[in-house]
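A.B. asks: This is the structure, below, for whatever I ask next.
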Amino acid sequence: MTRFKLAALAAALLALAGPASAKTLTVGANVGNVPWEFQDEKGEIVGFEIDLVREAAKRMGYDDVQFENIPFNGLFSAVQSGRIDAAVSSITITKKRLESVSFAQPYYDSDQSLSVLKDSGIGGLSGLKGKVVGVDTGSTGDIYATQHEKDLGLSEIRRFEGLSPAMLDLAAGRIDGYISDIPAVAYYIKDKPQYAVVERIPTGEQYSVMFAKDSPLVAEATKAITEMKGDGVLAGLHEKWFGTKPDAETSTVKVLGAPKL
């Protein structure tokens, strides 16, 4: 075989080996969860957690990140079954969830909120008696509304797959209020004066990337997030998506360990 043919064969083998050897992280996300993961006007998936995962994956040694659009409730089984490597969607770390999945260190502190139409006359949770409330299926808002359904006197809880359809139903009068993560709602309504957040519901929530139980990726992701906190990249993402610097006492800045039971 000539030197030219050998070189051509080597190039062909390298071309075949390239894609096969590329290291890809497969991440599930409930796309439509503004501003965490959603489609922009070009149809591309963008958001705070999209940027965070891409940067963390790079630091973990991955060449690419493949995102799969999965309803929020389906993210848990998808991670547990190994269909995906990780999941994001402003997923709150809870003791119950830690029994079956694992999380990297948290990167965002949040509370729930009640949003309504400004002219609804509803001034807070006390005004929900006999009302229909929307929540995201399986979310912390869903858990809160279900636990307090009788206390609040709700007539019905309606479940949605993402913020946008819930807010559209709120605008159309099909629900009277929407209980969901306050940062997502605040981002959504900043240029929509017909809506208002009328009550903040303290929950002590912290968000992180979810993995299969005891996955070795937890330690790798926690290390990457620590680096992102240390060099200011995570704070920069907070400014980019929320327009403000993160509070120094929040998990966006403070280095924390991976949560455990």
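Letters A, B, ... mark the chains of the structure tokens in the order given; residue numbers begin at 1 per chain; ligand numbers begin at 1, in order shown.
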Which residues come within 9 Å of Ile122 (chain A), counting only C-alpha atoms, excluding same-chain residues fewer than 5 positions away, as a list of chain:residue names?
C.D. replies: A:Val116, A:Leu117, A:Gly127, A:Leu128, A:Asp176, A:Gly177, A:Val198
A.B. asks: Which residues, written as a list in words, have at least one atom at most 9 Å from region 129-134 of chain A, with only C-alpha atoms counted and residues fewer than 2 positions away on the same chain left out?
C.D. replies: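 Here the answer would be Leu125, Ser126, Gly127, Asp136, Gly141, Asp142, Ala145, Asp151, Leu152, Gly153, Leu154, Ser155, Glu156, Ile157, Arg158, Arg159, Phe160, Ala166, Met167, Asp169, Leu170, Arg174, Ile175, Asp176, Gly177, Tyr178, Ile179 and Ser180 of chain A.
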A.B. asks: Using N, CA, C and O atoms, can you export the residues from the last selection as an mmCIF file, in the first residue's frame?
C.D. replies:
data_model
loop_
_atom_site.group_PDB
_atom_site.id
_atom_site.type_symbol
_atom_site.label_atom_id
_atom_site.label_comp_id
_atom_site.auth_asym_id
_atom_site.auth_seq_id
_atom_site.Cartn_x
_atom_site.Cartn_y
_atom_site.Cartn_z
ATOM 1 N N LEU A 125 -53.292 34.841 49.122
ATOM 2 C CA LEU A 125 -53.802 33.485 49.316
ATOM 3 C C LEU A 125 -55.164 33.465 49.993
ATOM 4 O O LEU A 125 -55.994 32.584 49.727
ATOM 5 N N SER A 126 -55.418 34.441 50.861
ATOM 6 C CA SER A 126 -56.696 34.482 51.581
ATOM 7 C C SER A 126 -57.874 34.747 50.652
ATOM 8 O O SER A 126 -59.033 34.540 51.031
ATOM 9 N N GLY A 127 -57.593 35.193 49.433
ATOM 10 C CA GLY A 127 -58.668 35.483 48.489
ATOM 11 C C GLY A 127 -58.984 34.346 47.541
ATOM 12 O O GLY A 127 -59.720 34.521 46.565
ATOM 13 N N ASP A 136 -47.930 23.682 38.192
ATOM 14 C CA ASP A 136 -47.186 22.821 37.270
ATOM 15 C C ASP A 136 -47.190 21.405 37.837
ATOM 16 O O ASP A 136 -46.871 21.197 39.014
ATOM 17 N N GLY A 141 -45.042 23.873 43.690
ATOM 18 C CA GLY A 141 -46.321 24.582 43.730
ATOM 19 C C GLY A 141 -47.493 23.614 43.798
ATOM 20 O O GLY A 141 -48.486 23.859 44.497
ATOM 21 N N ASP A 142 -47.389 22.514 43.067
ATOM 22 C CA ASP A 142 -48.410 21.470 43.084
ATOM 23 C C ASP A 142 -48.494 20.864 44.488
ATOM 24 O O ASP A 142 -49.589 20.698 45.059
ATOM 25 N N ALA A 145 -50.069 23.506 46.904
ATOM 26 C CA ALA A 145 -51.515 23.686 46.703
ATOM 27 C C ALA A 145 -52.305 22.470 47.178
ATOM 28 O O ALA A 145 -53.377 22.601 47.779
ATOM 29 N N ASP A 151 -57.377 24.228 53.441
ATOM 30 C CA ASP A 151 -57.132 25.463 54.195
ATOM 31 C C ASP A 151 -57.474 26.697 53.372
ATOM 32 O O ASP A 151 -58.039 27.672 53.886
ATOM 33 N N LEU A 152 -57.113 26.650 52.091
ATOM 34 C CA LEU A 152 -57.345 27.802 51.212
ATOM 35 C C LEU A 152 -58.763 27.823 50.663
ATOM 36 O O LEU A 152 -59.200 28.843 50.122
ATOM 37 N N GLY A 153 -59.466 26.710 50.784
ATOM 38 C CA GLY A 153 -60.841 26.645 50.282
ATOM 39 C C GLY A 153 -60.925 26.597 48.775
ATOM 40 O O GLY A 153 -61.891 27.104 48.181
ATOM 41 N N LEU A 154 -59.930 25.996 48.137
ATOM 42 C CA LEU A 154 -59.901 25.947 46.669
ATOM 43 C C LEU A 154 -61.046 25.096 46.128
ATOM 44 O O LEU A 154 -61.400 24.066 46.711
ATOM 45 N N SER A 155 -61.604 25.515 45.015
ATOM 46 C CA SER A 155 -62.658 24.715 44.389
ATOM 47 C C SER A 155 -62.044 23.664 43.473
ATOM 48 O O SER A 155 -62.648 22.610 43.243
ATOM 49 N N GLU A 156 -60.831 23.961 42.958
ATOM 50 C CA GLU A 156 -60.186 23.021 42.036
ATOM 51 C C GLU A 156 -58.710 23.380 41.864
ATOM 52 O O GLU A 156 -58.333 24.560 41.938
ATOM 53 N N ILE A 157 -57.891 22.351 41.647
ATOM 54 C CA ILE A 157 -56.487 22.553 41.260
ATOM 55 C C ILE A 157 -56.333 22.015 39.849
ATOM 56 O O ILE A 157 -56.639 20.846 39.586
ATOM 57 N N ARG A 158 -55.874 22.844 38.935
ATOM 58 C CA ARG A 158 -55.634 22.397 37.560
ATOM 59 C C ARG A 158 -54.128 22.343 37.312
ATOM 60 O O ARG A 158 -53.397 23.267 37.672
ATOM 61 N N ARG A 159 -53.687 21.262 36.665
ATOM 62 C CA ARG A 159 -52.256 21.027 36.482
ATOM 63 C C ARG A 159 -51.840 21.260 35.039
ATOM 64 O O ARG A 159 -52.534 20.838 34.110
ATOM 65 N N PHE A 160 -50.679 21.914 34.879
ATOM 66 C CA PHE A 160 -50.162 22.294 33.572
ATOM 67 C C PHE A 160 -48.741 21.772 33.384
ATOM 68 O O PHE A 160 -48.038 21.482 34.343
ATOM 69 N N ALA A 166 -50.248 27.833 31.548
ATOM 70 C CA ALA A 166 -50.959 28.231 32.768
ATOM 71 C C ALA A 166 -51.285 29.720 32.736
ATOM 72 O O ALA A 166 -52.405 30.136 33.071
ATOM 73 N N MET A 167 -50.326 30.533 32.325
ATOM 74 C CA MET A 167 -50.552 31.976 32.287
ATOM 75 C C MET A 167 -51.561 32.363 31.203
ATOM 76 O O MET A 167 -52.322 33.323 31.365
ATOM 77 N N ASP A 169 -54.112 30.472 30.387
ATOM 78 C CA ASP A 169 -55.411 30.144 30.983
ATOM 79 C C ASP A 169 -55.803 31.166 32.039
ATOM 80 O O ASP A 169 -56.993 31.470 32.221
ATOM 81 N N LEU A 170 -54.812 31.707 32.730
ATOM 82 C CA LEU A 170 -55.088 32.761 33.714
ATOM 83 C C LEU A 170 -55.619 34.001 32.998
ATOM 84 O O LEU A 170 -56.608 34.605 33.432
ATOM 85 N N ARG A 174 -59.775 31.049 32.766
ATOM 86 C CA ARG A 174 -60.063 29.630 33.021
ATOM 87 C C ARG A 174 -59.531 29.177 34.379
ATOM 88 O O ARG A 174 -59.966 28.155 34.910
ATOM 89 N N ILE A 175 -58.562 29.917 34.916
ATOM 90 C CA ILE A 175 -58.137 29.722 36.303
ATOM 91 C C ILE A 175 -58.092 31.100 36.950
ATOM 92 O O ILE A 175 -58.018 32.123 36.258
ATOM 93 N N ASP A 176 -58.133 31.132 38.274
ATOM 94 C CA ASP A 176 -58.161 32.414 38.989
ATOM 95 C C ASP A 176 -56.795 32.824 39.532
ATOM 96 O O ASP A 176 -56.568 34.001 39.818
ATOM 97 N N GLY A 177 -55.916 31.855 39.697
ATOM 98 C CA GLY A 177 -54.586 32.145 40.218
ATOM 99 C C GLY A 177 -53.616 31.061 39.801
ATOM 100 O O GLY A 177 -54.028 29.970 39.379
ATOM 101 N N TYR A 178 -52.336 31.367 39.911
ATOM 102 C CA TYR A 178 -51.300 30.415 39.501
ATOM 103 C C TYR A 178 -50.213 30.408 40.561
ATOM 104 O O TYR A 178 -49.646 31.449 40.896
ATOM 105 N N ILE A 179 -49.949 29.229 41.131
ATOM 106 C CA ILE A 179 -48.912 29.090 42.149
ATOM 107 C C ILE A 179 -47.693 28.430 41.506
ATOM 108 O O ILE A 179 -47.775 27.291 41.025
ATOM 109 N N SER A 180 -46.581 29.168 41.497
ATOM 110 C CA SER A 180 -45.386 28.663 40.824
ATOM 111 C C SER A 180 -44.144 29.386 41.337
ATOM 112 O O SER A 180 -44.242 30.302 42.165
#
A.B. asks: So which residues touch region 182-193 of chain A within 8 Å, counting only C-alpha atoms, skipping near sequence neighbours fewer than 5 positions away, as a ChimeraX atom specification?
C.D. replies: /A:33-36,110-113,115,118,163,200,242
A.B. asks: Selection from above, C-alpha atoms, as a short mmCIF file (atom, residue, chain, number, x, y, z; two decimals), in the first residue's frame, can you write it?
C.D. replies:
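Final output, out-v3.cif:
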data_model
loop_
_atom_site.label_atom_id
_atom_site.label_comp_id
_atom_site.auth_asym_id
_atom_site.auth_seq_id
_atom_site.Cartn_x
_atom_site.Cartn_y
_atom_site.Cartn_z
CA ASN A 33 -40.06 26.75 31.71
CA VAL A 34 -39.10 30.43 31.31
CA PRO A 35 -36.42 31.66 32.03
CA TRP A 36 -34.79 28.35 32.90
CA SER A 110 -36.36 30.43 45.39
CA ASP A 111 -39.84 30.71 46.84
CA GLN A 112 -43.28 30.05 45.41
CA SER A 113 -45.68 32.82 44.44
CA SER A 115 -49.92 35.39 40.53
CA LYS A 118 -54.45 42.70 38.41
CA LEU A 163 -45.69 28.25 32.85
CA ARG A 200 -44.68 35.42 48.00
CA PHE A 242 -32.55 38.16 35.95
#
A.B. asks: Have a look at CA of Val31 (chain A) and CA of His148 (chain A) and let me know their distance in Å, one decimal.
C.D. replies: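 Those two atoms sit 27.9 Å apart.
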A.B. asks: Taking the DSSP secondary structure from the backbone, can you list the residues of region 12-185 of chain A that are strand (DSSP E or B), as number ranges by chain?
C.D. replies: A: 24-29, 33, 37-39, 45-46, 64-69, 86-88, 92, 101-103, 108-117, 132-136, 156-160, 177-181
A.B. asks: Those same residues - C-alpha atoms - I'd like them written as a CSV table (one decimal), in the first residue's frame.
C.D. replies:
chain,number,residue,atom,x,y,z
A,24,THR,CA,-22.0,13.7,25.1
A,25,LEU,CA,-24.1,14.5,28.2
A,26,THR,CA,-27.8,13.8,27.7
A,27,VAL,CA,-30.0,16.2,29.8
A,28,GLY,CA,-33.8,16.2,30.2
A,29,ALA,CA,-35.6,19.5,30.5
A,33,ASN,CA,-40.1,26.8,31.7
A,37,GLU,CA,-35.2,26.5,29.6
A,38,PHE,CA,-37.4,27.7,26.7
A,39,GLN,CA,-37.3,28.2,22.9
A,45,ILE,CA,-33.4,26.1,23.4
A,46,VAL,CA,-32.0,28.8,25.7
A,64,ASP,CA,-21.5,18.2,23.8
A,65,VAL,CA,-24.8,18.4,25.6
A,66,GLN,CA,-27.9,16.9,24.1
A,67,PHE,CA,-31.2,18.3,25.5
A,68,GLU,CA,-34.4,16.2,25.5
A,69,ASN,CA,-37.8,17.9,26.0
A,86,ALA,CA,-29.2,14.4,34.2
A,87,ALA,CA,-32.2,16.7,34.4
A,88,VAL,CA,-33.0,20.4,35.0
A,92,THR,CA,-36.3,21.7,44.0
A,101,VAL,CA,-32.5,10.5,43.1
A,102,SER,CA,-29.4,12.6,43.8
A,103,PHE,CA,-28.6,16.3,43.2
A,108,TYR,CA,-30.4,29.0,43.1
A,109,ASP,CA,-32.7,29.9,46.1
A,110,SER,CA,-36.4,30.4,45.4
A,111,ASP,CA,-39.8,30.7,46.8
A,112,GLN,CA,-43.3,30.1,45.4
A,113,SER,CA,-45.7,32.8,44.4
A,114,LEU,CA,-49.3,33.5,43.7
A,115,SER,CA,-49.9,35.4,40.5
A,116,VAL,CA,-53.3,36.7,39.4
A,117,LEU,CA,-54.8,39.2,36.9
A,132,VAL,CA,-59.6,27.6,40.7
A,133,VAL,CA,-55.8,27.5,41.0
A,134,GLY,CA,-53.2,26.4,38.4
A,135,VAL,CA,-49.9,24.6,39.2
A,136,ASP,CA,-47.2,22.8,37.3
A,156,GLU,CA,-60.2,23.0,42.0
A,157,ILE,CA,-56.5,22.6,41.3
A,158,ARG,CA,-55.6,22.4,37.6
A,159,ARG,CA,-52.3,21.0,36.5
A,160,PHE,CA,-50.2,22.3,33.6
A,177,GLY,CA,-54.6,32.1,40.2
A,178,TYR,CA,-51.3,30.4,39.5
A,179,ILE,CA,-48.9,29.1,42.1
A,180,SER,CA,-45.4,28.7,40.8
A,181,ASP,CA,-41.7,29.6,41.2
A.B. asks: So which bits of region 76-244 of chain A end up helix (DSSP H, G or I) when you DSSP the backbone, as a PyMOL selection string?
C.D. replies: chain A and resi 76-81+95-98+118-120+125-127+140-147+149-152+163-171+182-189+217-230+233-242
A.B. asks: If you measure from CA of Phe48 (chain A) to CA of Asp63 (chain A), what distance in Å do you get, rounded to one decimal?
C.D. replies: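 If I compute the distance from CA of Phe48 (chain A) to CA of Asp63 (chain A), I get 19.7 Å.
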A.B. asks: Find the distance between CA of Lys229 (chain A) and CA of Ala78 (chain A) and write it in Å to one decimal.
C.D. replies: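 Between these atoms lies a distance of 28.3 Å.
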A.B. asks: With distances taken over only C-alpha atoms, which of A:Leu237, A:Val255, A:Val218, A:Ala248 is nearest to Gly47 (chain A)?
C.D. replies: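 Among A:Leu237, A:Val255, A:Val218, A:Ala248, it is A:Leu237 that comes nearest to Gly47 (chain A).
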